Amino acid sequence: MDMILAYRPIIAIFVSTVAAALIMLFGEKISPNRRESITLGASIIKAACVFSMVPAVLAGETFDITLLEIVDGVDFAFRADSLSMVFACVASGLWIVTSIYSIGYMRGHGERNQTGYFASFAMCLTGAMGICFAANLMTFFIFYEVLTVATYPLVTHYRDEKAKKSGRKYLIYTLVSGQIFFAAMAYVYFKCGTLDFTPGGFIGNALGFQEAAVVFFLMILGGAVKAGVMPVHSWLPSAMVAPTPVSALLHAVAVVKAGAFCVIRIIGYTFGPELCKACGATDIMAWFAIATILCSSLIAIQKDNLKARLAYSTVGQLSYIVLGTCILTPISVSGAVFHIVAHAFMKITLFMCAGAIFVTTHKSEISDMRGIGRRMPLTMTAFTTASLGIAGLPFIVGFVSKFNIIEGAAMAGKPFFIATLIASALLSLTYLIPVAYIAFTGRNINPSFMDFQPFTLRGEAAKPMLVPILLTAGISIALGLYPDLGLYLYTFAEKAAAAIFEGGGTL
Amino acid sequence: MIQNLPALIVFIPFFAALLCPLLSTASRTLGRWFVTLCTGISLILSFLQVGVMVKSGEAAYWFGGWIPPYGIEFSVDALSAVVMVLICVIGFLTMLYGMPFMKQDTKERLSGYYAILSLLVASLLGMTATGDVFNLYVFLEVSSLSGYVLIAMGGDKGIISAFRYLLLGTIGASFYLLGVAFIYGETGTLNMLDMSGLVGPVLSSGTTMIAMIFILLGFGIKMALFPLHGWQPEAHTNAHPGADPIIAGLMVKIPAYVLIRFFFYVFDANVEHVRYLLILMGIMASVGIIYGSIKAIAQRDIRKMLAYSSVGQLGYIGLGIAIGNYYGLIGAVLHIINHSFMKSALFFGSGALKYRYGLVELDRLGQIYKKMPKTMAVMIICALSMIGIPPTAGFFSKWYLALGAVNAGQYILVAVLIVSSLLNAVYFFRFFEKIFMSEEVERIEKHPEETHELPWQMMLPLIVCGIGILILGFCNAQFVDVLSSVIMEVAG
């Protein structure tokens, strides 16, 4: 039994591969309920595996597993450390929520090709979980590419011209950056002779400063594309053609966070803060992040399509993580890591609300939503809560992470960064709060909502959609009040940041 | 028994080929099952041989007990043992695979086809096992002749393609023979091991240089190395669909293997003059990689797309040979193995499309995955492997090639690999778009009597290759372990 328990990271990764295979093999032959029970079962096993490791990892234990030698000199190895636990807890926990939501959404919307959809979804979770637990760059890259390919069928789910175009765009961005990452990885291996992640970086002085800066940018491109850092962000808004649960989990949690996670792994565990500071690469990266935060907010204001607005909001919020990491102080890095959690819960709430609105009322444009609060009061309350959280209002989870990043920027002596972060918070108010306002306004109500008595639940979204929305919105508030609630994610974030700055990697 | 293994593995299919027409007179299908069985035996023996190699290193078989350099020698080390397994596997699968295609054929045609196929397998095995450069020529000619026949059996277009290949192939073989004559004149021996000892002092002489150039040209034509690939796309497109997997997947790889033998085991690749040739080969390979990938994008016929893709992929192997250090050679050898599996499986798949619907055009593949899900699943795995997406096999050979290029300081070659991967992605993802997203078109079942997706003889090779690619991917480090000592001793 202890043997099996020691392999929990492996189980957590591959249980969804098995689920994907089962769904592919039997999906067409069994009833939809049974098919979805495979997804739910796998997601519960996955979450149980991850959550049950929390106490051990918190106590300082790491789960180190080497499966085999994957290429000459590099192992196919996994490790559960504080940083991986943060992302793993979020991704696996939210998979359960999204699975329930998916069932409601896909059936409510009468989607085709559901078998392929659920199978790809499970495969994406394998990719994301592998990225969490990968102990070296090679293992990391393998799952990174698995995630890239597994997402493609979801982006092209509708199989029309628009989906085809978005799929191509997605592939161009991710495959090109992936190949460049590959080349950089080969170079790093040649120079260092190892690819094992080490807190504080393993490159040390194996690369000269200029060399390091070049390799850094080649490598970080792989992360930046998935994390939607401008100017390589444009696949993300076009990938919004996918069904909303995909946007919710993948384009708010798994895929884009994998990009952000990649940035943290590269800066904190590959190059190390000392080398990054010395070669100046993170300073440049920070400016890219700043530009992204500001530009994306300005673009988001113009979008009338709710999902598109949320997509640009995602682009901006992800750059908080990149920025927090690039500021390179322990407190800002812990804020960045915790923003993975914070943004995940808030943005998934927003996306799920958008999807619920779309399925229930067939409205996707914000201007059509005047008075929708009459019909869907609970959904819109959740939406408002999450919007306020994105803007950084205290007592909601977004405040915790943003405050840390700002504090870190203050410690590093970057007043301009602080100003940007505050300006961006105000900008998020300008693009998300109007939606909430329009929803609850009493004037010029869209006639289609007039049939509904205000503030009754008759016109609300179906339960499989409504429950996940309320759950994630509730968790956003709970974590805002008490960041360590349940899974100690805030402690993990602090520990990860501390490890990065205390670990080796001296020049 | 153990020391006879190299000879047994080669000659069991060889004699089976001779007996096949005779047995077929007794019963229509007896001949082909006999041939398949014999190849299966060779397959088992070749696995045994690898086991022996891993333990004891090398084995040699002297024909008639004549001591080399006077007699003909088969000498096998870990590298050739692994390649022999590969030949037996693909040969065996192709024999199974061809059976449903031959339902309507006459007894003579059937037995002839299987005899020739068996000859092809035997001669490729012979090319791999032999330690004698003239003997190599004999096996090369046997394999070429059987190749011509199998291509010509692909119908009217096949005959033209075969004739074209015959012309160019003969030129290639003649180049090689001339090269052998020159090198024999310089060293006075035909035994490879002996030659490698004697060639050192004369390595920079003009005659040896010309011999090496001729050998490079000869095998360059045979392995369809750009720009000597002129015969290849047509031949791979129009060959008999049952034999296409071995022709496209394997026949072009063995010349590449022989080039490794020549440049690294007979000649010394670290000598300046030999390096020049390798640089030339590297340029040919790099241009070929890009050219092949771009041409593949332009194709409408799925088989032709795969054929041009081979031009590019053969370039990968050439590139590894040209890099010439430990990782480069490992990459080249792994890619010989991996690409044989990938390309054979893709041709198994395209042949299956042709078998069921007579389909060869990309544009008519709309929604085909609903009808042939297993076939398409395997083809998708193979295609991802061709692009180099981990954890499929293709990624790992590319990793070693990139590592070799970085080690040699040739960053431009890394760029070539990357660009090629992306170009591969273009045409393979277009293929995915066709099978999943295009409108369904009217297709006529050619074998409505089939109850399954494909007959088992065709399904088995597909599944074996599909799983093989994943196993090759995850276990590549084990392959490297087996090969490392052999390659370490010659790598620069």
# chains A, B, ... in the order shown; residues from 1 in each chain; ligands from 1
>>> closest_atom_pairs(of="chain A", to="chain B", cutoff="10 Å", atoms="only C-alpha atoms", output="Markdown table")
| residue | atom | partner | partner_atom | distance |
| --- | --- | --- | --- | --- |
| A:Met24 | CA | B:Pro373 | CA | 10.0 |
| A:Leu25 | CA | B:Lys374 | CA | 9.9 |
| A:Leu68 | CA | B:Phe474 | CA | 8.2 |
| A:Glu69 | CA | B:Ala477 | CA | 6.0 |
| A:Ile70 | CA | B:Ala477 | CA | 6.0 |
| A:Val71 | CA | B:Ala477 | CA | 5.0 |
| A:Asp72 | CA | B:Ala477 | CA | 5.3 |
| A:Gly73 | CA | B:Ala477 | CA | 8.3 |
| A:Val74 | CA | B:Ala477 | CA | 9.1 |
| A:Asp75 | CA | B:Ala477 | CA | 9.5 |
| A:Phe76 | CA | B:Phe474 | CA | 9.1 |
| A:Met138 | CA | B:Pro390 | CA | 9.7 |
| A:Thr139 | CA | B:Pro391 | CA | 9.5 |
| A:Phe141 | CA | B:Pro390 | CA | 8.1 |
| A:Ile142 | CA | B:Pro390 | CA | 5.2 |
| A:Phe143 | CA | B:Pro390 | CA | 7.8 |
| A:Tyr144 | CA | B:Pro390 | CA | 9.1 |
| A:Glu145 | CA | B:Ile389 | CA | 6.5 |
| A:Val146 | CA | B:Pro390 | CA | 7.0 |
| A:Thr148 | CA | B:Ile389 | CA | 9.5 |
| A:Val149 | CA | B:Ile389 | CA | 8.3 |
| A:Pro153 | CA | B:Phe436 | CA | 9.3 |
| A:Thr156 | CA | B:Met437 | CA | 8.6 |
| A:His157 | CA | B:Met437 | CA | 9.3 |
| A:Tyr158 | CA | B:Met437 | CA | 8.6 |
| A:Arg159 | CA | B:Met437 | CA | 5.0 |
| A:Asp160 | CA | B:Met437 | CA | 7.0 |
| A:Glu161 | CA | B:Met437 | CA | 8.8 |
| A:Ala163 | CA | B:Met437 | CA | 9.4 |
| A:Lys164 | CA | B:Glu433 | CA | 7.5 |
| A:Gly167 | CA | B:Glu433 | CA | 9.5 |
| A:Arg168 | CA | B:Phe429 | CA | 8.5 |
| A:Leu171 | CA | B:Ala425 | CA | 8.7 |
| A:Ile172 | CA | B:Leu422 | CA | 8.4 |
| A:Leu175 | CA | B:Leu422 | CA | 7.2 |
| A:Val176 | CA | B:Leu422 | CA | 6.9 |
| A:Gly178 | CA | B:Ile418 | CA | 9.6 |
| A:Gln179 | CA | B:Ile418 | CA | 5.9 |
| A:Ile180 | CA | B:Ile418 | CA | 7.4 |
| A:Phe182 | CA | B:Trp399 | CA | 8.1 |
| A:Ala183 | CA | B:Val414 | CA | 6.8 |
| A:Ala184 | CA | B:Val414 | CA | 9.9 |
| A:Met185 | CA | B:Leu403 | CA | 9.3 |
| A:Ala186 | CA | B:Leu403 | CA | 5.5 |
| A:Tyr187 | CA | B:Val406 | CA | 6.3 |
| A:Val188 | CA | B:Val406 | CA | 9.7 |
| A:Tyr189 | CA | B:Leu403 | CA | 8.1 |
| A:Phe190 | CA | B:Asn407 | CA | 6.6 |
| A:Lys191 | CA | B:Asn407 | CA | 9.0 |
>>> residues_around(residues="Leu37 of chain B", least_positions_apart="6", cutoff="12 Å", atoms="only C-alpha atoms", output="PyMOL selection string")
chain B and resi 12-13+16-17+20+30-31+43-44+88+91-93+95-96+114+118
>>> write_last_selection(atoms="N, CA and C atoms", output="short mmCIF file (atom, residue, chain, number, x, y, z; two decimals), in the first residue's frame")
data_model
loop_
_atom_site.label_atom_id
_atom_site.label_comp_id
_atom_site.auth_asym_id
_atom_site.auth_seq_id
_atom_site.Cartn_x
_atom_site.Cartn_y
_atom_site.Cartn_z
N ILE B 12 17.32 -18.31 -44.71
CA ILE B 12 16.00 -18.93 -44.57
C ILE B 12 14.99 -18.27 -45.50
N PRO B 13 14.85 -16.93 -45.47
CA PRO B 13 13.91 -16.33 -46.43
C PRO B 13 14.36 -16.50 -47.88
N ALA B 16 13.28 -19.86 -48.90
CA ALA B 16 11.82 -19.83 -48.94
C ALA B 16 11.35 -19.22 -50.25
N ALA B 17 12.06 -18.17 -50.70
CA ALA B 17 11.71 -17.53 -51.95
C ALA B 17 11.80 -18.51 -53.11
N CYS B 20 8.92 -21.10 -52.88
CA CYS B 20 7.56 -20.58 -52.92
C CYS B 20 6.79 -20.96 -54.19
N LEU B 30 -0.38 -21.98 -50.24
CA LEU B 30 0.65 -22.62 -49.42
C LEU B 30 1.97 -21.86 -49.50
N GLY B 31 2.32 -21.43 -50.72
CA GLY B 31 3.59 -20.75 -50.92
C GLY B 31 3.71 -19.51 -50.06
N LEU B 43 12.75 -13.81 -38.03
CA LEU B 43 12.48 -12.76 -37.05
C LEU B 43 12.87 -13.23 -35.65
N ILE B 44 12.43 -14.45 -35.32
CA ILE B 44 12.76 -14.97 -33.99
C ILE B 44 14.27 -15.11 -33.84
N CYS B 88 13.43 -7.78 -40.43
CA CYS B 88 12.55 -8.96 -40.28
C CYS B 88 11.15 -8.53 -39.84
N GLY B 91 9.46 -6.77 -42.75
CA GLY B 91 9.24 -7.76 -43.80
C GLY B 91 8.08 -8.68 -43.46
N PHE B 92 8.08 -9.18 -42.23
CA PHE B 92 7.04 -10.09 -41.79
C PHE B 92 5.67 -9.41 -41.84
N LEU B 93 5.62 -8.17 -41.32
CA LEU B 93 4.34 -7.47 -41.30
C LEU B 93 3.85 -7.20 -42.73
N MET B 95 4.41 -8.94 -45.38
CA MET B 95 3.91 -10.17 -45.99
C MET B 95 2.48 -10.47 -45.55
N LEU B 96 2.25 -10.30 -44.25
CA LEU B 96 0.88 -10.48 -43.76
C LEU B 96 -0.07 -9.49 -44.44
N TYR B 114 5.07 -13.24 -53.79
CA TYR B 114 5.64 -13.58 -52.48
C TYR B 114 7.09 -14.03 -52.57
N SER B 118 10.00 -12.06 -50.60
CA SER B 118 10.90 -12.78 -49.72
C SER B 118 12.35 -12.54 -50.13
#
>>> residues_around(residues="Thr379 of chain A", least_positions_apart="3", cutoff="6 Å", atoms="only C-alpha atoms", output="list in words")
Cys353, Met376 and Ala382 of chain A
>>> atom_distance(atom1="atom CA of Ala281 of chain A", atom2="atom CA of His251 of chain A")
26.8 Å
>>> closest_residue(among="A:Cys276, A:Asp451, A:Pro415, A:Ile500", to="Gly200 of chain A", atoms="only C-alpha atoms")
A:Ile500
>>> closest_residue(among="A:Cys132, A:Pro245, A:Asp81, A:Gly373", to="Tyr117 of chain A", atoms="only C-alpha atoms")
A:Pro245
>>> residues_around(residues="Val441 of chain B", least_positions_apart="5", cutoff="8 Å", atoms="only C-alpha atoms", output="PyMOL selection string")
chain B and resi 364-366
>>> select_by_dssp(residues="segment 55-239 of chain B", states="alpha helix (DSSP H)", output="PyMOL selection string")
chain B and resi 55-56+78-98+107-129+133-152+156-187+192-198+206-222+232-238
>>> residues_around(residues="Val360 of chain B", least_positions_apart="2", cutoff="12 Å", atoms="only C-alpha atoms", output="PyMOL selection string")
chain B and resi 237-238+241+299-306+347+349-358+362-365+443
>>> closest_residue(among="A:Ala436, A:Val315, A:Ala286, A:Ile396", to="Met346 of chain A", atoms="only C-alpha atoms")
A:Ile396
>>> residues_around(residues="Gly93 of chain A", least_positions_apart="2", cutoff="10 Å", atoms="only C-alpha atoms", output="list in words")
Ser43, Ile44, Lys46, Ala47, Ala48, Val50, Phe51, Phe87, Ala88, Cys89, Val90, Ala91, Trp95, Ile96, Val97 and Thr98 of chain A
>>> write_last_selection(atoms="C-alpha atoms", output="compact mmCIF listing (two decimals), in the first residue's frame")
# COMPACT_ATOMS: atom_id res chain seq x y z
CA SER A 43 -11.31 13.54 -11.85
CA ILE A 44 -12.18 12.44 -8.33
CA LYS A 46 -6.96 12.59 -9.53
CA ALA A 47 -8.04 15.17 -6.99
CA ALA A 48 -7.90 12.62 -4.17
CA VAL A 50 -3.24 15.33 -5.24
CA PHE A 51 -5.05 16.52 -2.14
CA PHE A 87 -0.88 24.22 -9.66
CA ALA A 88 -1.83 20.56 -9.20
CA CYS A 89 -4.39 21.31 -6.49
CA VAL A 90 -6.00 24.03 -8.57
CA ALA A 91 -6.08 22.07 -11.83
CA TRP A 95 -11.44 19.62 -13.19
CA ILE A 96 -14.17 18.10 -11.02
CA VAL A 97 -16.07 21.37 -11.03
CA THR A 98 -15.66 21.82 -14.78
